[in-house]
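> Shown below is the structure under consideration.
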Amino acid sequence: MSLLKKDNIALRALEPLDINLLLAVENNTELWFVSESNLPLSKAILESYIENAKQDIYEAKQFRFVIEYRGETAGLIDVFDFDPIALKVGVGIVVLPRFRGKGISKEALTLLQQLATQTWQIHQMYAHISVENSISLKAFTSCGFKESGYLKDWKKWKGAYSDMHVLQWFSGL
């Protein structure tokens, strides 16, 4: 059952059947740069994560949604560092390779913005995006995120430092 749906995109909560998706995403070493992971996660750990993913965002301070595109699992969109006092939250997204180039990130972000303002009364969302990731930068800016800062040598990956854009989106609430 989808939490939010518009046109070809739906956002829903994690389900036990999503274990293979999580294994593929969390153990993809190319994504460790953005997730700040540096060790593979076991199936048991990820099954436990799915089991505990029912926690309310006010309790867990994070929530992971599965992105569906035309009924197929296309990726994940996460909110994290939820601050119920300042009404802000971080956001990250990953779209599986075979679904890229279809505008899925933009549509998923738009649905998330709708949920965040209508349900959580979010004042702002933020994201850190590597300067090398022009596709992600385009998706976020197309949804109204504006660059508010620049972090020099913020992440180290494979022996090299990378700069990050800091983007913010304000709901107008």
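Starting from 1 in every chain, residues are counted up; chains themselves are A, B, ... following the order of the structure tokens, and ligands are numbered from 1 as listed.
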Among range 19-100 of chain A, which residues does DSSP mark as alpha helix (DSSP H) when it is run on the backbone? Keep the chain and numbering as in the structure and answer as a PyMOL selection string.

chain A and resi 19-26+32-35+43-52+57-60

> Report the residues of chain A whose backbone DSSP state falls under strand (DSSP E), written as JSON, numbers by chain.

{"A": [4, 5, 6, 9, 10, 11, 12, 13, 63, 64, 65, 66, 67, 68, 69, 72, 73, 74, 75, 76, 77, 78, 79, 80, 81, 82, 83, 88, 89, 90, 91, 92, 93, 94, 95, 124, 125, 126, 127, 128, 129, 130, 146, 147, 148, 149, 150, 151, 152, 153, 154, 155, 156, 157, 160, 161, 162, 163, 164, 165, 166, 167, 168, 169, 170]}

> For Ile104 in chain A, find every residue with an atom within 8 Å (counting only C-alpha atoms), except residues of its own chain fewer than 3 positions away, and show them as a PyMOL selection string.

chain A and resi 9+69+95+99-101+107-108

> Using only C-alpha atoms, pick whichever of A:Lys106, A:Lys88, A:Lys54, A:Arg70 has the shortest atom-to-atom distance to Gly144 in chain A.

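Selected residue with least distance to Gly144 in chain A: A:Lys106.
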
> Name the residues in contact with Val91 in chain A at a cut-off of 6 Å, using only C-alpha atoms, excluding same-chain residues fewer than 4 positions from it; report them as JSON, numbers by chain.

{"A": [78, 79, 127]}

> For CA of Asp18 in chain A and CA of Leu87 in chain A, quote the distance in Å rounded to one decimal.

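That distance, rounded to one decimal, is 29.2 Å.
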
> If you measure from CA of Leu17 in chain A to CA of Ser105 in chain A, what distance in Å do you get, rounded to one decimal?

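Taking CA of Leu17 in chain A as the start and CA of Ser105 in chain A as the end point, the length is 22.3 Å.
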
> For Val89 in chain A, which residue out of A:Ile19, A:Ala74, A:Cys143, A:Ile122 is the nearest one, using only C-alpha atoms?

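Nearest candidate to Val89 in chain A out of A:Ile19, A:Ala74, A:Cys143, A:Ile122: A:Ile122.
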
> Quick one: residues within 12 Å of Leu111 in chain A, only C-alpha atoms, excluding same-chain residues fewer than 2 positions away - as a count of residues only?

29

> What does the structure give for the distance between CA of Gly90 in chain A and CA of Gly149 in chain A, in Å to one decimal?

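For CA of Gly90 in chain A relative to CA of Gly149 in chain A, the distance reads 14.7 Å.
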